[in-house]
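A.B. asks: Sharing structure_15.cif here; it has mmCIF, C-alpha atoms.
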```cif
data_data
#
loop_
_atom_site.label_atom_id
_atom_site.label_comp_id
_atom_site.auth_asym_id
_atom_site.auth_seq_id
_atom_site.Cartn_x
_atom_site.Cartn_y
_atom_site.Cartn_z
CA MET W 482 9.44 25.59 2.58
CA ALA W 483 8.83 24.56 -1.00
CA TRP W 484 7.26 21.31 0.13
CA LEU W 485 5.06 23.18 2.63
CA ALA W 486 3.87 25.43 -0.17
CA ARG W 487 3.04 22.41 -2.31
CA LEU W 488 1.00 20.90 0.53
CA ARG W 489 -1.19 23.99 0.61
CA GLY W 490 -4.73 22.94 -0.20
CA ALA W 491 -4.07 19.28 0.62
CA PRO W 492 -7.06 17.24 1.84
CA VAL W 493 -6.92 17.66 5.61
CA ILE W 494 -9.01 14.70 6.77
CA PRO W 495 -7.16 12.12 4.60
CA LEU W 496 -3.85 13.50 5.87
CA ILE W 497 -5.05 13.23 9.47
CA ILE W 498 -6.13 9.62 8.91
CA LEU W 499 -2.86 8.65 7.22
CA GLY W 500 -0.86 10.49 9.88
CA THR W 501 -2.74 8.63 12.61
CA VAL W 502 -2.06 5.28 10.96
CA ILE W 503 1.65 6.07 10.62
CA PHE W 504 1.82 7.28 14.23
CA CYS W 505 0.16 4.09 15.47
CA ALA W 506 2.58 2.03 13.40
CA VAL W 507 5.56 3.78 14.98
CA ALA W 508 4.36 4.38 18.54
CA GLY W 509 1.25 2.23 18.83
CA HIS W 510 2.64 0.27 21.76
CA LEU W 511 2.75 3.52 23.73
CA VAL W 512 -0.87 4.51 23.13
CA ALA W 513 -2.63 1.13 22.98
CA PRO W 514 -4.65 0.60 26.18
CA PHE W 515 -3.90 -3.15 26.28
CA ASP W 516 -1.50 -5.68 24.86
CA PRO W 517 -3.17 -6.75 21.58
CA ASN W 518 -2.70 -10.44 22.39
CA ASP W 519 -3.80 -10.32 26.04
CA ALA W 520 -6.82 -12.62 26.40
CA ASP W 521 -9.48 -12.24 29.08
CA LEU W 522 -12.26 -14.78 28.64
CA ASP W 523 -14.34 -13.08 31.32
CA ALA W 524 -14.51 -9.99 29.09
CA SER W 525 -15.16 -11.78 25.79
CA PHE W 526 -17.69 -10.27 23.38
CA GLN W 527 -17.97 -7.00 25.27
CA PRO W 528 -19.71 -4.50 22.97
CA PRO W 529 -18.46 -0.96 22.17
CA PHE W 530 -18.92 1.79 24.75
CA TRP W 531 -22.06 3.21 23.14
CA ALA W 532 -23.91 -0.13 23.32
CA LYS W 533 -26.08 -1.10 26.27
CA GLU W 534 -23.49 -3.29 28.01
CA GLY W 535 -20.47 -1.45 26.68
CA SER W 536 -17.69 0.09 28.72
CA TRP W 537 -15.05 2.75 28.25
CA SER W 538 -12.45 0.23 29.41
CA HIS W 539 -12.81 -1.35 25.95
CA PRO W 540 -14.07 1.52 23.74
CA LEU W 541 -14.50 -0.61 20.59
CA GLY W 542 -15.37 -3.83 22.40
CA THR W 543 -13.59 -7.16 22.65
CA ASP W 544 -13.41 -10.31 20.52
CA ASN W 545 -14.16 -13.96 21.33
CA LEU W 546 -11.03 -14.23 23.49
CA GLY W 547 -11.60 -10.98 25.33
CA ARG W 548 -8.84 -9.14 23.46
CA ASP W 549 -9.27 -5.40 23.13
CA ILE W 550 -10.26 -4.56 19.56
CA LEU W 551 -8.92 -0.99 19.68
CA SER W 552 -5.50 -2.25 20.77
CA ARG W 553 -5.50 -4.85 17.99
CA ILE W 554 -6.49 -2.25 15.36
CA ILE W 555 -3.62 -0.05 16.54
CA ALA W 556 -1.23 -3.01 16.36
CA GLY W 557 -2.52 -3.84 12.87
CA CYS W 558 -1.40 -0.40 11.66
CA ARG W 559 2.20 -1.53 11.98
CA VAL W 560 1.72 -4.49 9.64
CA SER W 561 -0.16 -2.38 7.08
CA VAL W 562 2.53 0.31 7.04
CA ILE W 563 5.43 -2.17 6.88
CA VAL W 564 3.83 -4.16 4.07
CA SER W 565 3.02 -0.97 2.15
CA LEU W 566 6.53 0.44 2.51
CA TYR W 567 8.38 -2.71 1.50
CA ALA W 568 5.98 -3.83 -1.23
CA ILE W 569 5.70 -0.41 -2.86
CA ALA W 570 9.44 0.28 -2.61
CA PHE W 571 10.45 -3.02 -4.20
CA SER W 572 7.68 -3.21 -6.81
CA GLY W 573 8.25 0.46 -7.71
CA ALA W 574 12.01 0.04 -8.04
CA ILE W 575 11.75 -3.13 -10.14
CA GLY W 576 8.90 -1.83 -12.28
CA ALA W 577 10.57 1.54 -12.86
CA LEU W 578 13.87 -0.04 -13.90
CA VAL W 579 12.18 -2.52 -16.23
CA GLY W 580 9.98 0.21 -17.71
CA MET W 581 12.97 2.51 -18.28
CA ILE W 582 14.94 -0.24 -20.02
CA SER W 583 11.97 -1.23 -22.15
CA GLY W 584 11.06 2.28 -23.21
CA TYR W 585 14.61 3.54 -23.74
CA PHE W 586 16.01 0.68 -25.83
CA GLY W 587 12.81 -0.26 -27.67
CA GLY W 588 12.89 -2.85 -30.44
CA ARG W 589 13.22 -6.48 -29.43
CA VAL W 590 14.11 -5.59 -25.86
CA ASP W 591 10.83 -3.73 -25.55
CA GLN W 592 8.87 -6.55 -27.16
CA VAL W 593 10.35 -9.24 -24.90
CA ILE W 594 9.82 -7.22 -21.74
CA MET W 595 6.26 -6.28 -22.63
CA ARG W 596 5.40 -9.91 -23.38
CA LEU W 597 6.76 -10.86 -19.94
CA VAL W 598 4.68 -8.10 -18.39
CA GLU W 599 1.55 -9.34 -20.14
CA ILE W 600 2.23 -12.92 -19.02
CA GLN W 601 2.68 -11.77 -15.44
CA MET W 602 -0.51 -9.70 -15.54
CA SER W 603 -2.47 -12.69 -16.84
CA ILE W 604 -1.67 -14.74 -13.72
CA PRO W 605 -4.35 -14.26 -11.02
CA SER W 606 -2.78 -12.80 -7.90
CA ILE W 607 -4.63 -15.14 -5.55
CA ALA W 608 -3.44 -18.16 -7.54
CA LEU W 609 0.10 -16.84 -7.30
CA ALA W 610 -0.36 -16.39 -3.54
CA LEU W 611 -1.57 -19.99 -3.20
CA LEU W 612 1.46 -21.22 -5.11
CA LEU W 613 3.90 -19.22 -3.01
CA ALA W 614 2.15 -20.15 0.23
CA ALA W 615 2.60 -23.82 -0.68
CA ALA W 616 6.30 -23.28 -1.40
CA LEU W 617 7.01 -20.79 1.42
CA GLN W 618 5.81 -20.29 4.95
CA PRO W 619 2.85 -17.89 5.11
CA GLY W 620 3.88 -14.66 6.77
CA LEU W 621 5.01 -11.10 6.26
CA SER W 622 7.78 -11.94 3.79
CA THR W 623 5.43 -14.07 1.67
CA VAL W 624 2.89 -11.23 1.54
CA VAL W 625 5.55 -8.77 0.39
CA ILE W 626 6.87 -11.17 -2.27
CA VAL W 627 3.38 -11.81 -3.67
CA ILE W 628 2.56 -8.09 -3.81
CA VAL W 629 5.88 -7.25 -5.48
CA LEU W 630 5.42 -9.97 -8.10
CA THR W 631 1.88 -8.74 -8.72
CA TYR W 632 2.32 -4.97 -8.90
CA TRP W 633 5.73 -4.38 -10.53
CA THR W 634 4.04 -4.74 -13.92
CA TRP W 635 1.81 -1.74 -13.17
CA TYR W 636 4.84 0.48 -12.70
CA ALA W 637 6.63 -1.02 -15.72
CA ARG W 638 3.83 -0.24 -18.18
CA ILE W 639 3.27 3.33 -17.02
CA ILE W 640 6.97 4.22 -16.74
CA ARG W 641 7.61 2.72 -20.18
CA GLY W 642 5.08 5.15 -21.64
CA GLU W 643 6.79 8.05 -19.88
CA ILE W 644 10.22 7.03 -21.16
CA LEU W 645 8.97 6.69 -24.76
CA SER W 646 8.15 10.39 -24.60
CA LEU W 647 11.19 11.53 -22.61
CA LYS W 648 13.81 9.81 -24.77
CA THR W 649 12.85 11.98 -27.75
CA ARG W 650 13.58 15.20 -25.87
CA ASP W 651 16.50 17.36 -26.96
CA TYR W 652 18.47 17.07 -23.73
CA VAL W 653 18.53 13.26 -24.03
CA ALA W 654 19.66 13.50 -27.66
CA PHE W 655 22.40 15.98 -26.70
CA ALA W 656 23.57 13.65 -23.93
CA ARG W 657 23.84 10.78 -26.40
CA VAL W 658 25.81 12.91 -28.87
CA ALA W 659 28.12 14.02 -26.06
CA GLY W 660 28.90 10.37 -25.32
CA VAL W 661 27.17 10.21 -21.94
CA SER W 662 26.76 6.60 -20.83
CA THR W 663 23.33 5.00 -20.59
CA PRO W 664 23.39 4.60 -16.77
CA VAL W 665 24.19 8.31 -16.40
CA ILE W 666 21.35 9.24 -18.77
CA PHE W 667 19.01 7.08 -16.70
CA LEU W 668 20.08 8.66 -13.41
CA ARG W 669 20.54 12.31 -14.42
CA HIS W 670 18.05 12.85 -17.25
CA LEU W 671 15.27 10.25 -17.05
CA LEU W 672 14.83 9.32 -13.39
CA PRO W 673 14.30 12.91 -12.12
CA ASN W 674 11.58 13.39 -14.74
CA ILE W 675 9.60 10.31 -13.70
CA MET W 676 9.84 10.85 -9.93
CA ASN W 677 6.51 12.70 -9.80
CA THR W 678 4.82 9.83 -11.62
CA LEU W 679 6.41 7.26 -9.29
CA LEU W 680 5.32 9.23 -6.24
CA VAL W 681 1.72 9.43 -7.42
CA LEU W 682 1.64 5.74 -8.35
CA ALA W 683 3.07 4.77 -4.96
CA THR W 684 0.48 6.87 -3.13
CA LEU W 685 -2.40 5.43 -5.13
CA GLN W 686 -1.10 1.90 -4.56
CA VAL W 687 -1.22 2.13 -0.76
CA GLY W 688 -4.92 1.31 -0.62
CA GLN W 689 -4.54 -1.59 -3.04
CA VAL W 690 -1.67 -3.06 -1.03
CA ILE W 691 -3.59 -2.83 2.24
CA ILE W 692 -6.64 -4.53 0.74
CA PHE W 693 -4.45 -7.20 -0.88
CA GLU W 694 -2.66 -7.93 2.40
CA ALA W 695 -5.98 -8.09 4.25
CA SER W 696 -7.35 -10.50 1.62
CA LEU W 697 -4.35 -12.81 1.91
CA SER W 698 -4.49 -12.76 5.71
CA PHE W 699 -8.25 -13.37 5.60
CA LEU W 700 -7.63 -16.49 3.50
CA GLY W 701 -4.87 -17.70 5.83
CA LEU W 702 -2.09 -17.02 3.30
CA GLY W 703 -0.71 -13.85 4.86
CA ILE W 704 0.04 -12.68 8.38
CA GLN W 705 -0.11 -15.44 10.99
CA GLN W 706 -0.72 -15.49 14.74
CA PRO W 707 0.55 -14.08 17.09
CA ASP W 708 1.11 -11.11 14.74
CA VAL W 709 -1.89 -8.83 14.29
CA SER W 710 -3.29 -7.58 11.01
CA TRP W 711 -6.65 -6.17 10.03
CA GLY W 712 -7.29 -9.00 7.59
CA LEU W 713 -6.51 -11.58 10.27
CA MET W 714 -8.97 -9.84 12.60
CA LEU W 715 -11.66 -10.15 9.93
CA SER W 716 -10.89 -13.84 9.53
CA ASP W 717 -11.05 -14.51 13.28
CA ALA W 718 -14.35 -12.64 13.71
CA ARG W 719 -16.31 -13.87 10.68
CA GLN W 720 -17.90 -16.79 12.52
CA TYR W 721 -19.18 -14.49 15.27
CA ILE W 722 -20.70 -11.83 13.01
CA SER W 723 -24.27 -12.63 14.11
CA ASN W 724 -23.69 -12.03 17.84
CA ALA W 725 -20.57 -9.78 17.85
CA TRP W 726 -20.84 -7.53 14.81
CA TRP W 727 -18.28 -5.06 16.19
CA ALA W 728 -15.45 -7.62 16.06
CA ILE W 729 -15.55 -7.69 12.26
CA THR W 730 -16.95 -4.19 11.62
CA MET W 731 -14.24 -2.19 13.41
CA PRO W 732 -11.22 -3.56 11.48
CA GLY W 733 -13.29 -3.30 8.30
CA ILE W 734 -13.87 0.40 8.99
CA ALA W 735 -10.13 0.83 9.62
CA ILE W 736 -9.34 -0.72 6.23
CA MET W 737 -11.98 1.39 4.47
CA LEU W 738 -10.89 4.70 6.01
CA THR W 739 -7.19 4.10 5.37
CA CYS W 740 -7.70 3.07 1.75
CA LEU W 741 -10.09 5.95 1.10
CA ALA W 742 -7.68 8.44 2.65
CA ALA W 743 -4.75 7.10 0.60
CA ASN W 744 -6.76 7.28 -2.63
CA LEU W 745 -8.00 10.83 -1.95
CA PHE W 746 -4.50 12.00 -1.13
CA GLY W 747 -3.14 10.25 -4.22
CA ASP W 748 -5.73 11.97 -6.41
CA TRP W 749 -4.84 15.35 -4.94
CA LEU W 750 -1.12 14.67 -5.37
CA ARG W 751 -1.64 13.70 -9.02
CA ASP W 752 -3.53 16.92 -9.70
CA ARG W 753 -0.93 18.93 -7.83
CA LEU W 754 2.12 17.47 -9.59
CA ASP W 755 0.67 17.36 -13.10
CA PRO W 756 1.23 20.76 -14.77
CA ARG W 757 -1.79 20.18 -16.99
CA LEU W 758 -4.09 19.72 -14.00
CA ARG W 759 -2.45 22.02 -11.50
CA GLN W 760 -4.60 24.88 -10.37
CA MET W 761 -2.67 28.13 -10.23
#
```
Show the structure stored in the file as structure tokens.

C.D. replies:
Amino acid sequence: MAWLARLRGAPVIPLIILGTVIFCAVAGHLVAPFDPNDADLDASFQPPFWAKEGSWSHPLGTDNLGRDILSRIIAGCRVSVIVSLYAIAFSGAIGALVGMISGYFGGRVDQVIMRLVEIQMSIPSIALALLLAAALQPGLSTVVIVIVLTYWTWYARIIRGEILSLKTRDYVAFARVAGVSTPVIFLRHLLPNIMNTLLVLATLQVGQVIIFEASLSFLGLGIQQPDVSWGLMLSDARQYISNAWWAITMPGIAIMLTCLAANLFGDWLRDRLDPRLRQM
């Protein structure tokens, strides 16, 4: 009930959009009207239902191979959700641990870690993706690895700042005097106090991860056929944009709406969990 009370006043439309994406990722195969990879050349380049030659059999039209765009967008939800979950979980865990170590111990440990963070942040993410794609096979695992290596630094810097403040609190000092071990201090006194920050960062990062995955797939460095992703749909449809605008517009709208919904929900969650911004 406490969580339901906290959700009071949440942005309804962003929650509906995110809930729809998650539902399609879990049960999309049950609601998709067609198999996303079923080709029908006789139905290629069929426009959306509201166009002159459109049909309700393919509400959002078909691509150059006659594949149903709505079914492919639904299938692409699964890739977006999986990439977001894995990438955010791993980058958040690594970044939080590094940031806690850096902020808690300070001194040379902090200096070394922060220099490594700055070096990592200076490497362009696309260049890193090209390097990993040359060393590894492009695919889901490569996308997750690139995103984790790119975004863990974001968590590390912010969590380090939180820990610099938390470690001066009385309860941490009392725990040290009482002889409590460092791992226990991390788990019992520091981690619970940065969970709100981690949750907000993870929510705000969803949109960035989706766009990053779509960019990699668009460049041929991410998801590969026969898997379906929104970025791969954009890549396949770019050469037909002049005579089949819907093939590239529909997945683009899906990316835009999902990222916008995640950012709006993240902003609301930040305001809700921050005592300084919370509206009573």

A.B. asks: If we count all atoms listed in the file and set the cut-off at 7 Å, which residues sit around stretch 718-735 of chain W, ignoring sequence neighbours fewer than 6 positions away in its own chain? Please answer as a PyMOL selection string.

C.D. replies: chain W and resi 526+528+542-544+550+554+711

A.B. asks: Atom CA of W:Ser603 to atom CA of W:Ile628: how many Å, to one decimal?

C.D. replies: 14.7 Å

A.B. asks: Using the chain letters and numbers from the file, give me the residues hit by the PyMOL selection byres ((chain W and resi 598) around 10), as an MDAnalysis selection string.

C.D. replies: chainID W and resid 576 579:580 592:597 599:603 633:635 637:638

A.B. asks: Selection in question (the file shown): the PyMOL selection byres ((chain W and resi 739) around 9). Which residues does it include, as a CSV table (one decimal) with C-alpha atoms, in the coordinates of the input?

C.D. replies:
```csv
chain,number,residue,atom,x,y,z
W,495,PRO,CA,-7.2,12.1,4.6
W,498,ILE,CA,-6.1,9.6,8.9
W,499,LEU,CA,-2.9,8.6,7.2
W,502,VAL,CA,-2.1,5.3,11.0
W,687,VAL,CA,-1.2,2.1,-0.8
W,688,GLY,CA,-4.9,1.3,-0.6
W,691,ILE,CA,-3.6,-2.8,2.2
W,734,ILE,CA,-13.9,0.4,9.0
W,735,ALA,CA,-10.1,0.8,9.6
W,736,ILE,CA,-9.3,-0.7,6.2
W,737,MET,CA,-12.0,1.4,4.5
W,738,LEU,CA,-10.9,4.7,6.0
W,740,CYS,CA,-7.7,3.1,1.8
W,741,LEU,CA,-10.1,6.0,1.1
W,742,ALA,CA,-7.7,8.4,2.6
W,743,ALA,CA,-4.8,7.1,0.6
W,744,ASN,CA,-6.8,7.3,-2.6
```

A.B. asks: Residues picked by the PyMOL selection byres ((chain W and resi 566) around 12) here, as a PyMOL selection string?

C.D. replies: chain W and resi 503+506+559-565+567-574+625+628-629+683-684+686-688+690-691

A.B. asks: Quick check, in Å to one decimal: how far apart do atom CA of W:Leu613 and atom CA of W:Met714 lie?

C.D. replies: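 Atom-to-atom, atom CA of W:Leu613 and atom CA of W:Met714 are spaced 22.3 Å apart.
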
A.B. asks: Mind giving me the straight-line distance from atom CA of W:Ser536 to atom CA of W:Ala524 in Å, one decimal?

C.D. replies: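 Between atom CA of W:Ser536 and atom CA of W:Ala524 the gap is 10.6 Å.
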
A.B. asks: List as a PyMOL selection string the protein and nucleic acid residues near stretch 651-668 of chain W, meaning an atom at most 12 Å away when all atoms listed in the file are counted, but skip any in the same chain fewer than 3 places from it.

C.D. replies: chain W and resi 577-582+584-586+644-648+671-676

A.B. asks: List as a ChimeraX atom specification the protein and nucleic acid residues near W:Ile555, meaning an atom at most 9 Å away when only C-alpha atoms are counted, but skip any in the same chain fewer than 6 places from it.

C.D. replies: /W:502,505-506,509-510,512-513,517

A.B. asks: For W:Glu694, which residue out of W:Gly642, W:Gly747, W:Gly557, W:Gly587 is the nearest one, using only C-alpha atoms?

C.D. replies: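 Using only C-alpha atoms, the shortest distance to W:Glu694 belongs to W:Gly557.
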
A.B. asks: With a distance cut-off of 8 Å and all atoms listed in the file, select the neighbouring residues of W:Leu697, excluding the residue or stretch itself and same-chain residues fewer than 3 positions from it, and output the selection as a ChimeraX atom specification.

C.D. replies: /W:607,610,624,693-694,700-704,712

A.B. asks: Put stretch 589-608 of chain W into a file with N, CA, C and O atoms, as an mmCIF file, in the first residue's frame.

C.D. replies:
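See selection.cif below for the written result:
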```cif
data_model
loop_
_atom_site.group_PDB
_atom_site.id
_atom_site.type_symbol
_atom_site.label_atom_id
_atom_site.label_comp_id
_atom_site.auth_asym_id
_atom_site.auth_seq_id
_atom_site.Cartn_x
_atom_site.Cartn_y
_atom_site.Cartn_z
ATOM 1 N N ARG W 589 44.085 8.378 -2.513
ATOM 2 C CA ARG W 589 44.622 7.879 -3.769
ATOM 3 C C ARG W 589 43.657 6.940 -4.475
ATOM 4 O O ARG W 589 43.612 6.893 -5.705
ATOM 5 N N VAL W 590 42.903 6.181 -3.696
ATOM 6 C CA VAL W 590 41.910 5.298 -4.307
ATOM 7 C C VAL W 590 40.911 6.114 -5.120
ATOM 8 O O VAL W 590 40.588 5.788 -6.272
ATOM 9 N N ASP W 591 40.450 7.195 -4.526
ATOM 10 C CA ASP W 591 39.504 8.070 -5.208
ATOM 11 C C ASP W 591 40.127 8.694 -6.450
ATOM 12 O O ASP W 591 39.502 8.750 -7.519
ATOM 13 N N GLN W 592 41.364 9.134 -6.346
ATOM 14 C CA GLN W 592 42.034 9.766 -7.482
ATOM 15 C C GLN W 592 42.223 8.794 -8.640
ATOM 16 O O GLN W 592 41.969 9.130 -9.806
ATOM 17 N N VAL W 593 42.651 7.572 -8.337
ATOM 18 C CA VAL W 593 42.871 6.576 -9.392
ATOM 19 C C VAL W 593 41.559 6.224 -10.083
ATOM 20 O O VAL W 593 41.469 6.184 -11.316
ATOM 21 N N ILE W 594 40.517 6.001 -9.281
ATOM 22 C CA ILE W 594 39.235 5.616 -9.860
ATOM 23 C C ILE W 594 38.653 6.748 -10.694
ATOM 24 O O ILE W 594 38.147 6.519 -11.811
ATOM 25 N N MET W 595 38.741 7.955 -10.223
ATOM 26 C CA MET W 595 38.192 9.080 -10.971
ATOM 27 C C MET W 595 38.953 9.335 -12.270
ATOM 28 O O MET W 595 38.382 9.738 -13.279
ATOM 29 N N ARG W 596 40.284 9.088 -12.256
ATOM 30 C CA ARG W 596 41.026 9.217 -13.506
ATOM 31 C C ARG W 596 40.592 8.156 -14.508
ATOM 32 O O ARG W 596 40.495 8.423 -15.713
ATOM 33 N N LEU W 597 40.325 6.932 -14.019
ATOM 34 C CA LEU W 597 39.838 5.873 -14.907
ATOM 35 C C LEU W 597 38.461 6.236 -15.462
ATOM 36 O O LEU W 597 38.166 5.974 -16.642
ATOM 37 N N VAL W 598 37.633 6.813 -14.615
ATOM 38 C CA VAL W 598 36.307 7.241 -15.075
ATOM 39 C C VAL W 598 36.431 8.300 -16.155
ATOM 40 O O VAL W 598 35.735 8.256 -17.185
ATOM 41 N N GLU W 599 37.312 9.258 -15.960
ATOM 42 C CA GLU W 599 37.488 10.322 -16.948
ATOM 43 C C GLU W 599 38.044 9.775 -18.250
ATOM 44 O O GLU W 599 37.654 10.222 -19.342
ATOM 45 N N ILE W 600 38.956 8.796 -18.174
ATOM 46 C CA ILE W 600 39.484 8.182 -19.395
ATOM 47 C C ILE W 600 38.366 7.460 -20.143
ATOM 48 O O ILE W 600 38.241 7.573 -21.371
ATOM 49 N N GLN W 601 37.556 6.721 -19.406
ATOM 50 C CA GLN W 601 36.453 5.996 -20.036
ATOM 51 C C GLN W 601 35.456 6.952 -20.687
ATOM 52 O O GLN W 601 34.980 6.713 -21.800
ATOM 53 N N MET W 602 35.155 8.048 -20.015
ATOM 54 C CA MET W 602 34.196 9.008 -20.552
ATOM 55 C C MET W 602 34.736 9.749 -21.766
ATOM 56 O O MET W 602 33.954 10.297 -22.560
ATOM 57 N N SER W 603 36.047 9.783 -21.925
ATOM 58 C CA SER W 603 36.640 10.471 -23.074
ATOM 59 C C SER W 603 36.617 9.620 -24.336
ATOM 60 O O SER W 603 36.871 10.135 -25.429
ATOM 61 N N ILE W 604 36.321 8.335 -24.213
ATOM 62 C CA ILE W 604 36.282 7.445 -25.376
ATOM 63 C C ILE W 604 34.896 7.524 -26.012
ATOM 64 O O ILE W 604 33.901 7.237 -25.347
ATOM 65 N N PRO W 605 34.785 7.904 -27.282
ATOM 66 C CA PRO W 605 33.465 7.970 -27.925
ATOM 67 C C PRO W 605 32.799 6.595 -27.927
ATOM 68 O O PRO W 605 33.441 5.584 -28.218
ATOM 69 N N SER W 606 31.527 6.569 -27.588
ATOM 70 C CA SER W 606 30.821 5.294 -27.482
ATOM 71 C C SER W 606 30.727 4.565 -28.815
ATOM 72 O O SER W 606 30.807 3.334 -28.865
ATOM 73 N N ILE W 607 30.552 5.302 -29.898
ATOM 74 C CA ILE W 607 30.459 4.660 -31.209
ATOM 75 C C ILE W 607 31.797 4.039 -31.593
ATOM 76 O O ILE W 607 31.848 2.940 -32.163
ATOM 77 N N ALA W 608 32.906 4.732 -31.263
ATOM 78 C CA ALA W 608 34.221 4.156 -31.540
ATOM 79 C C ALA W 608 34.436 2.877 -30.738
ATOM 80 O O ALA W 608 35.002 1.895 -31.234
#
```
